[in-house]
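What follows is input28.txt (compact mmCIF, C-alpha atoms).
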# COMPACT_ATOMS: atom_id res chain seq x y z
CA MET A 25 160.11 255.62 128.99
CA THR A 26 162.94 255.87 131.39
CA ALA A 27 160.76 254.00 133.93
CA LEU A 28 160.36 251.30 131.47
CA ILE A 29 164.01 251.12 131.03
CA GLN A 30 164.68 251.12 134.75
CA ASN A 31 162.10 248.24 135.40
CA PRO A 32 162.90 245.04 133.41
CA ALA A 33 159.79 243.29 134.41
CA VAL A 34 157.73 245.94 132.94
CA LEU A 35 159.90 245.80 130.04
CA ILE A 36 159.45 242.07 129.65
CA ALA A 37 155.76 242.41 130.18
CA SER A 38 155.61 245.11 127.59
CA VAL A 39 157.57 243.00 125.17
CA ALA A 40 155.32 240.03 125.84
CA ALA A 41 152.25 242.13 125.38
CA ILE A 42 153.57 243.46 122.15
CA ALA A 43 154.45 239.92 120.98
CA ALA A 44 151.06 238.68 121.99
CA SER A 45 149.35 241.47 120.14
CA LEU A 46 151.43 240.74 117.11
CA LEU A 47 150.59 237.02 117.27
CA TYR A 48 146.96 237.89 117.74
CA LEU A 49 146.95 240.08 114.71
CA ARG A 50 148.75 237.53 112.68
CA GLU A 51 146.29 234.85 113.73
CA TYR A 52 143.39 237.21 112.98
CA PHE A 53 144.58 237.94 109.51
CA LEU A 54 145.46 234.30 108.93
CA ARG A 55 141.98 233.16 109.90
CA LYS A 56 140.40 235.86 107.88
CA LYS A 57 142.42 234.73 104.91
CA ILE A 58 141.46 231.08 105.47
CA LEU A 59 137.80 232.07 105.73
CA GLN A 60 138.02 234.01 102.56
CA GLU A 61 139.72 231.08 100.86
CA GLY A 62 137.01 228.77 102.19
CA GLN A 63 134.31 230.98 100.91
CA LYS A 64 136.03 231.10 97.58
CA ILE A 65 136.37 227.33 97.48
CA THR A 66 132.69 226.94 98.40
CA GLN A 67 131.76 229.37 95.69
CA ASP A 68 133.89 227.45 93.21
CA THR A 69 132.42 224.24 94.33
CA LYS A 70 128.93 225.47 93.96
CA GLN A 71 129.70 226.80 90.57
CA LYS A 72 131.26 223.58 89.51
CA SER A 73 128.30 221.69 90.90
CA TRP A 74 125.92 223.81 88.88
CA GLN A 75 128.06 223.17 85.88
CA LEU A 76 128.11 219.48 86.53
CA LEU A 77 124.39 219.37 87.11
CA HIS A 78 123.80 221.22 83.94
CA ALA A 79 126.12 218.90 82.09
CA ALA A 80 124.35 215.99 83.66
CA GLU A 81 121.00 217.32 82.62
CA LEU A 82 122.30 217.69 79.15
CA ALA A 83 123.74 214.25 79.22
CA GLU A 84 120.48 212.90 80.56
CA SER A 85 118.59 214.54 77.80
CA ASP A 86 121.00 213.01 75.34
CA VAL A 87 120.78 209.63 76.93
CA LEU A 88 117.03 209.77 77.01
CA ALA A 89 116.88 210.80 73.44
CA GLU A 90 119.31 208.09 72.47
CA GLY A 91 117.40 205.53 74.63
CA LYS A 92 114.12 206.35 72.99
CA LEU A 93 115.67 206.03 69.62
CA SER A 94 117.23 202.74 70.53
CA LEU A 95 113.99 201.51 72.01
CA ASP A 96 112.10 202.44 68.89
CA LYS A 97 114.70 200.73 66.83
CA LEU A 98 114.68 197.68 69.08
CA GLU A 99 110.93 197.53 69.03
CA SER A 100 110.91 197.79 65.31
CA GLU A 101 113.52 195.03 65.04
CA PHE A 102 111.67 192.99 67.57
CA ASN A 103 108.45 193.33 65.68
CA LYS A 104 110.19 192.50 62.51
CA LYS A 105 111.85 189.44 63.98
CA LEU A 106 108.68 188.42 65.71
CA ASN A 107 106.78 188.66 62.48
CA SER A 108 109.49 186.69 60.77
CA LEU A 109 109.45 184.15 63.53
CA LEU A 110 105.70 183.93 63.40
CA GLU A 111 105.79 183.43 59.68
CA ASP A 112 108.46 180.76 60.10
CA SER A 113 106.46 179.11 62.84
CA THR A 114 103.32 179.22 60.76
CA LEU A 115 105.17 177.65 57.88
CA SER A 116 106.73 175.08 60.15
CA ILE A 117 103.43 174.28 61.77
CA THR A 118 101.78 173.99 58.38
CA ALA A 119 104.59 171.71 57.24
CA SER A 120 104.35 169.68 60.41
CA GLN A 121 100.62 169.49 60.04
CA ASP A 122 101.03 168.32 56.48
CA LYS A 123 103.60 165.83 57.60
CA LEU A 124 101.32 164.66 60.39
CA ILE A 125 98.38 164.29 58.07
CA LYS A 126 100.57 162.44 55.64
CA PHE A 127 101.90 160.29 58.45
CA MET A 128 98.39 159.61 59.66
CA GLU A 129 97.29 158.71 56.17
CA ASP A 130 100.32 156.50 55.81
CA LEU A 131 99.63 154.98 59.16
CA GLN A 132 96.01 154.38 58.23
CA LYS A 133 97.11 152.84 54.99
CA ARG A 134 99.62 150.66 56.76
CA SER A 135 97.08 149.73 59.37
CA GLN A 136 94.66 148.69 56.67
CA GLN A 137 97.41 146.71 54.99
CA PHE A 138 98.37 145.12 58.29
CA GLU A 139 94.74 144.37 59.05
CA GLU A 140 94.33 142.82 55.66
CA SER A 141 97.48 140.79 55.96
CA SER A 142 96.53 139.77 59.51
CA ARG A 143 93.14 138.70 58.31
CA VAL A 144 94.71 136.67 55.51
CA VAL A 145 97.28 135.13 57.87
CA SER A 146 94.63 134.43 60.49
CA GLU A 147 92.36 132.84 57.91
CA LYS A 148 95.28 130.78 56.66
CA ARG A 149 96.23 129.78 60.19
CA ILE A 150 92.66 128.89 61.07
CA ASN A 151 92.34 126.88 57.88
CA ASP A 152 95.64 125.15 58.62
CA LEU A 153 94.54 124.55 62.17
CA PHE A 154 91.28 123.06 61.01
CA GLU A 155 93.07 120.91 58.47
CA ARG A 156 95.53 119.68 61.10
CA LEU A 157 92.73 119.15 63.58
CA GLU A 158 90.77 117.23 61.01
CA SER A 159 93.82 115.19 60.12
CA ARG A 160 94.68 114.49 63.74
CA LEU A 161 91.09 113.73 64.60
CA SER A 162 90.96 111.33 61.72
CA ASP A 163 94.24 109.73 62.83
CA PHE A 164 93.01 109.60 66.40
CA VAL A 165 89.73 108.01 65.36
CA ILE A 166 91.57 105.45 63.24
CA THR A 167 94.08 104.73 66.04
CA ALA A 168 91.33 104.56 68.63
CA GLU A 169 89.38 102.24 66.41
CA GLU A 170 92.42 100.04 65.91
CA LYS A 171 93.22 100.09 69.61
CA THR A 172 89.64 99.34 70.51
CA THR A 173 89.54 96.49 68.04
CA THR A 174 92.84 95.13 69.33
CA SER A 175 91.73 95.58 72.90
CA ILE A 176 88.42 93.86 72.24
CA GLU A 177 90.20 91.04 70.45
CA LEU A 178 92.63 90.67 73.36
CA GLU A 179 89.81 90.79 75.87
CA LEU A 180 87.92 88.27 73.81
CA LYS A 181 90.97 86.05 73.60
CA ALA A 182 91.59 86.40 77.34
CA ALA A 183 87.93 85.70 78.06
CA ARG A 184 88.01 82.64 75.80
CA GLN A 185 91.21 81.47 77.46
CA LEU A 186 89.67 82.07 80.86
CA ILE A 187 86.57 80.13 79.86
CA GLU A 188 88.75 77.36 78.48
CA THR A 189 90.85 77.27 81.66
CA TYR A 190 87.72 77.35 83.78
CA LYS A 191 86.19 74.63 81.66
CA GLU A 192 89.32 72.51 82.01
CA GLN A 193 89.46 73.11 85.74
CA GLN A 194 85.79 72.30 86.09
CA LEU A 195 86.18 69.18 83.98
CA LYS A 196 89.19 68.19 86.06
CA LEU A 197 87.13 68.80 89.16
CA ILE A 198 84.30 66.79 87.67
CA ASP A 199 86.74 64.00 86.79
CA GLU A 200 88.01 63.96 90.33
CA ASN A 201 84.50 64.17 91.67
CA ILE A 202 83.37 61.40 89.38
CA LEU A 203 85.95 59.09 90.89
CA ALA A 204 85.15 60.27 94.41
CA MET A 205 81.42 59.86 93.78
CA MET A 206 81.97 56.47 92.24
CA GLU A 207 84.10 55.36 95.16
CA GLN A 208 81.60 56.71 97.64
CA THR A 209 78.68 55.12 95.81
CA LEU A 210 80.45 51.80 95.55
CA ASN A 211 81.41 52.02 99.19
CA LEU A 212 77.82 52.67 100.20
CA VAL A 213 76.32 50.13 97.83
CA LEU A 214 78.89 47.38 98.20
CA GLY A 215 79.13 47.85 101.95
CA LYS A 216 75.48 46.88 102.17
CA LYS A 217 75.08 44.61 99.19
CA LEU A 218 78.30 42.62 99.24
CA SER A 219 77.86 39.40 101.21
CA LEU A 220 80.42 38.06 103.65
CA LYS A 221 81.21 35.27 101.26
CA ASP A 222 81.87 37.77 98.46
CA GLN A 223 84.05 39.82 100.80
CA LEU A 224 86.01 36.73 101.79
CA ASP A 225 86.32 35.68 98.17
CA LEU A 226 87.87 39.02 97.38
CA VAL A 227 90.31 38.59 100.29
CA TYR A 228 91.23 35.08 99.11
CA GLU A 229 91.73 36.48 95.64
CA ALA A 230 94.02 39.15 97.06
CA LEU A 231 96.02 36.52 98.97
CA GLU A 232 96.40 34.43 95.82
CA LYS A 233 97.53 37.48 93.91
CA ALA A 234 100.07 38.34 96.62
CA LYS A 235 101.39 34.80 96.37
CA VAL A 236 101.60 34.94 92.59
CA GLU A 237 103.30 38.32 92.71
CA LYS A 238 105.60 36.92 95.39
CA PHE A 239 104.73 39.77 97.69
CA ILE A 240 104.69 37.24 100.51
CA VAL A 241 107.40 34.63 100.12
CA MET B 12 103.80 18.61 120.78
CA ASP B 13 105.14 21.78 122.42
CA ILE B 14 103.03 24.48 123.95
CA ARG B 15 103.64 26.88 121.02
CA SER B 16 102.34 24.40 118.46
CA ILE B 17 99.37 23.57 120.67
CA ILE B 18 98.40 27.21 121.00
CA LEU B 19 98.91 28.03 117.31
CA THR B 20 96.84 25.07 116.14
CA ASN B 21 93.65 27.05 116.21
CA THR B 22 94.94 30.54 116.95
CA TYR B 23 95.16 32.61 113.81
CA THR B 24 95.27 36.25 114.76
CA LEU B 25 97.68 38.32 116.81
CA SER B 26 94.99 39.54 119.18
CA GLN B 27 93.77 35.97 119.66
CA LEU B 28 97.29 34.86 120.47
CA LYS B 29 97.93 37.61 123.01
CA HIS B 30 94.59 36.99 124.65
CA ARG B 31 95.02 33.21 124.76
CA VAL B 32 98.59 33.30 126.08
CA ALA B 33 97.49 35.60 128.88
CA LEU B 34 94.48 33.42 129.55
CA LEU B 35 96.54 30.23 129.60
CA LYS B 36 99.16 31.72 131.88
CA SER B 37 96.51 32.86 134.28
CA PHE B 38 94.78 29.49 134.17
CA LEU B 39 98.00 27.56 134.73
CA LYS B 40 99.05 29.77 137.63
CA LYS B 41 95.74 29.20 139.30
CA HIS B 42 95.96 25.51 138.41
CA ILE B 43 99.44 25.09 139.94
CA PHE B 44 99.42 27.49 142.83
CA GLY B 45 95.80 27.65 143.75
CA ALA B 46 92.98 25.24 144.10
CA PRO B 47 92.37 23.29 140.88
CA ILE B 48 89.59 24.94 138.94
CA ALA B 49 87.58 23.91 135.95
CA PRO B 50 88.35 25.88 132.78
CA THR B 51 85.81 28.57 132.09
CA ASP B 52 86.93 29.49 128.55
CA ASP B 53 85.93 27.25 125.63
CA TRP B 54 89.36 27.44 124.11
CA ILE B 55 91.01 26.19 127.30
CA LYS B 56 88.69 23.21 127.18
CA THR B 57 89.97 22.31 123.72
CA LEU B 58 93.56 22.08 124.95
CA PRO B 59 94.95 18.57 125.49
CA GLN B 60 95.10 17.39 129.10
CA ASN B 61 98.73 16.33 128.87
CA LEU B 62 99.66 20.00 128.45
CA PHE B 63 98.70 20.71 132.02
CA SER B 64 100.69 17.72 133.30
CA GLN B 65 103.84 19.04 131.59
CA VAL B 66 103.66 22.29 133.49
CA ASN B 67 104.68 22.69 137.09
CA LYS B 68 105.70 25.48 139.38
CA ASP B 69 109.35 25.05 138.43
CA ASN B 70 109.08 25.42 134.67
CA LEU B 71 106.09 27.74 134.38
CA THR B 72 108.06 30.96 134.15
CA LEU B 73 110.67 29.56 131.82
CA LEU B 74 107.98 27.99 129.69
CA PHE B 75 106.21 31.26 129.12
CA GLU B 76 109.46 33.16 128.59
CA ASN B 77 110.33 30.72 125.83
CA LEU B 78 106.81 31.01 124.49
CA GLN B 79 107.04 34.79 124.36
CA PHE B 80 110.37 34.54 122.57
CA GLU B 81 109.08 32.13 119.97
CA VAL B 82 105.89 34.05 119.45
CA SER B 83 107.88 37.23 118.84
CA LYS B 84 109.64 35.46 115.99
CA LEU B 85 106.40 34.58 114.24
CA GLU B 86 105.58 36.23 110.92
CA VAL B 87 102.63 38.60 111.04
CA LEU B 88 100.53 39.55 108.04
CA THR B 89 98.46 42.71 108.57
CA LEU B 90 95.15 42.59 106.77
CA TYR B 91 93.12 45.75 106.19
CA LEU B 92 89.50 44.75 105.65
CA THR B 93 86.37 46.66 104.78
CA PHE B 94 84.25 44.68 107.26
CA ASP B 95 84.47 43.63 110.87
CA PRO B 96 84.97 39.86 110.91
CA ASP B 97 83.60 37.59 113.65
CA GLU B 98 85.54 34.73 115.27
CA LEU B 99 84.47 32.25 112.64
CA THR B 100 85.44 34.51 109.78
CA LEU B 101 88.78 35.17 111.46
CA THR B 102 89.36 31.43 111.68
CA GLN B 103 88.46 31.01 108.01
CA LEU B 104 90.82 33.82 107.07
CA GLY B 105 93.66 32.41 109.20
CA GLU B 106 93.24 28.99 107.74
CA MET B 107 93.20 30.42 104.24
CA VAL B 108 96.41 32.33 104.89
CA ARG B 109 98.17 29.27 106.21
CA LYS B 110 96.84 27.17 103.37
CA THR B 111 97.87 29.69 100.74
CA PHE B 112 101.40 30.28 102.00
CA GLY B 113 101.98 26.82 103.48
CA ARG B 114 103.22 27.91 106.92
CA ILE B 115 102.13 29.43 110.18
CA ILE B 116 101.52 33.13 109.69
CA LEU B 117 99.68 35.22 112.24
CA VAL B 118 97.08 37.62 110.96
CA ASP B 119 96.64 41.13 112.37
CA VAL B 120 93.25 42.38 111.22
CA LYS B 121 92.48 46.11 110.91
CA TYR B 122 89.43 47.95 109.60
CA ASP B 123 89.54 50.42 106.66
CA PRO B 124 86.16 51.20 105.05
CA ASN B 125 87.75 53.40 102.39
CA LEU B 126 89.01 50.34 100.58
CA ILE B 127 85.40 49.75 99.37
CA ALA B 128 85.94 46.01 98.93
CA GLY B 129 88.78 43.51 99.00
CA CYS B 130 91.78 44.15 101.22
CA SER B 131 95.24 45.58 101.44
CA LEU B 132 98.18 43.69 102.91
CA VAL B 133 101.17 44.78 104.96
CA TRP B 134 104.07 42.36 104.97
CA LYS B 135 107.38 43.12 106.67
CA GLY B 136 106.79 46.85 106.53
CA LEU B 137 105.62 46.93 102.90
CA MET B 138 102.03 47.61 101.92
CA ARG B 139 100.23 46.42 98.83
CA ASP B 140 96.68 47.41 98.03
CA TYR B 141 94.45 44.75 96.47
CA SER B 142 91.22 46.57 97.20
CA LEU B 143 88.55 47.81 94.81
CA ARG B 144 89.73 51.38 95.44
CA SER B 145 93.14 50.41 94.13
CA ASN B 146 91.54 48.83 91.07
CA ILE B 147 89.54 51.98 90.41
CA GLU B 148 92.65 54.13 90.80
CA ALA B 149 94.54 51.87 88.38
CA ARG B 150 91.75 52.13 85.82
CA LYS B 151 91.09 55.81 86.46
CA GLY B 152 91.85 56.87 82.88
CA ILE B 153 89.60 54.29 81.29
CA ILE B 154 86.75 55.02 83.69
CA LEU B 155 86.97 58.77 83.13
CA GLU B 156 87.09 58.37 79.37
CA SER B 157 83.96 56.26 79.45
CA PHE B 158 82.28 58.91 81.62
CA LYS B 159 83.42 61.74 79.38
CA LYS B 160 81.57 60.17 76.46
CA TYR B 161 78.36 61.11 78.23
CA LEU B 162 79.58 64.48 79.54
CA ARG B 163 80.96 66.07 76.35
Let me see the file written as structure tokens.
Amino acid sequence: MTALIQNPAVLIASVAAIAASLLYLREYFLRKKILQEGQKITQDTKQKSWQLLHAAELAESDVLAEGKLSLDKLESEFNKKLNSLLEDSTLSITASQDKLIKFMEDLQKRSQQFEESSRVVSEKRINDLFERLESRLSDFVITAEEKTTTSIELELKAARQLIETYKEQQLKLIDENILAMMEQTLNLVLGKKLSLKDQLDLVYEALEKAKVEKFIV
Amino acid sequence: MDIRSIILTNTYTLSQLKHRVALLKSFLKKHIFGAPIAPTDDWIKTLPQNLFSQVNKDNLTLLFENLQFEVSKLEVLTLYLTFDPDELTLTQLGEMVRKTFGRIILVDVKYDPNLIAGCSLVWKGLMRDYSLRSNIEARKGIILESFKKYLR
């Protein structure tokens, strides 16, 4: 002990070793405590997990039971509503069918009425058309007859006028030709038959006439 | 009697006059300037002999100039005839004209067969038709009417 007191280094080393041992012990116990606490927490956790799982299983059972009940109820309601809907649809379809049949009957009736009225109108129109056609045809025939008569009369008049004109022209031509023929004939006949004495007598006569008329003074 | 009167005594037509004046001039020229020749034309023979003694080389030209002048003043009657007259007929016609109108008038004869018969006269540029054609034309209406009686 005295040596320890006489040597400080040893003393310091001894103090350090003691401090280190104390720290080690403290750390050992601290770790041991933490481990124990951890084990306790794990145990608690496990326990709580088991509890939770159990509660969940219970809840699941409840939920399943409730779900089945709800499903049954929903199915029942669905069936009920479906049946109701089907009944409604059947009624509606029946009503629609009735309406359609009625509509078809009405349509058929109307169609027959329309057909009848169309037939009547068509017959009336055709009759009118025939009457008008007959009337117009009659008018046309009368007009055509009148026109033809007028045209024939005009043609006849023109033809008569043409004949008359032609006749007049021909007669005029004949008149002119008569004179020309007469002159030519006289020229031919008198030229041969008239004696010199007769010719001279005619000249003397002309001279006398010129004197009387005082053509030559 | 002057040369104009001598020539016109038996010359009636314009063609006769022109021919005879030319003939006489030619004869006189030959008679004066050439050897005396006997007249070959019958008409020259009918001329009086004293006519030739009046003419000499000095007055020949003047004589014929005066003759031409006087002849140009003569009245001419154009006669359109339907026949061709001979010399004798021309003489008869000329005499008749002079007798009818009492003076010397020359006749110019032309031929127109279209007149049929008779004649037409032209006097101082005016014509008057006295032919049968003119008569027919004047009586055209009457003639046609008489023909129409048989046509219609």
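Going from CA of Leu212 in chain A to CA of Leu126 in chain B covers 11.4 Å.
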With 10 Å as the limit and counting all atoms listed in the file, what residues in chain B lie close to chain A? Please list them as a ChimeraX atom specification.
/B:88,90-96,100,103-104,107-108,111-112,124-135,137-144,147-148,151-152,154-156,158-159,162-163
Neighbours of range 51-57 of chain B within 12 Å (all atoms listed in the file; same-chain residues fewer than 3 positions away dropped), as a VMD selection string?
chain B and resid 17 to 22 27 to 28 30 to 39 48 60 to 63
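Picture a line from CA of Gln60 in chain A to CA of Ala44 in chain A; it runs 23.9 Å.
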CA of Leu54 in chain A and CA of Thr69 in chain A are how many Å apart?
22.0 Å
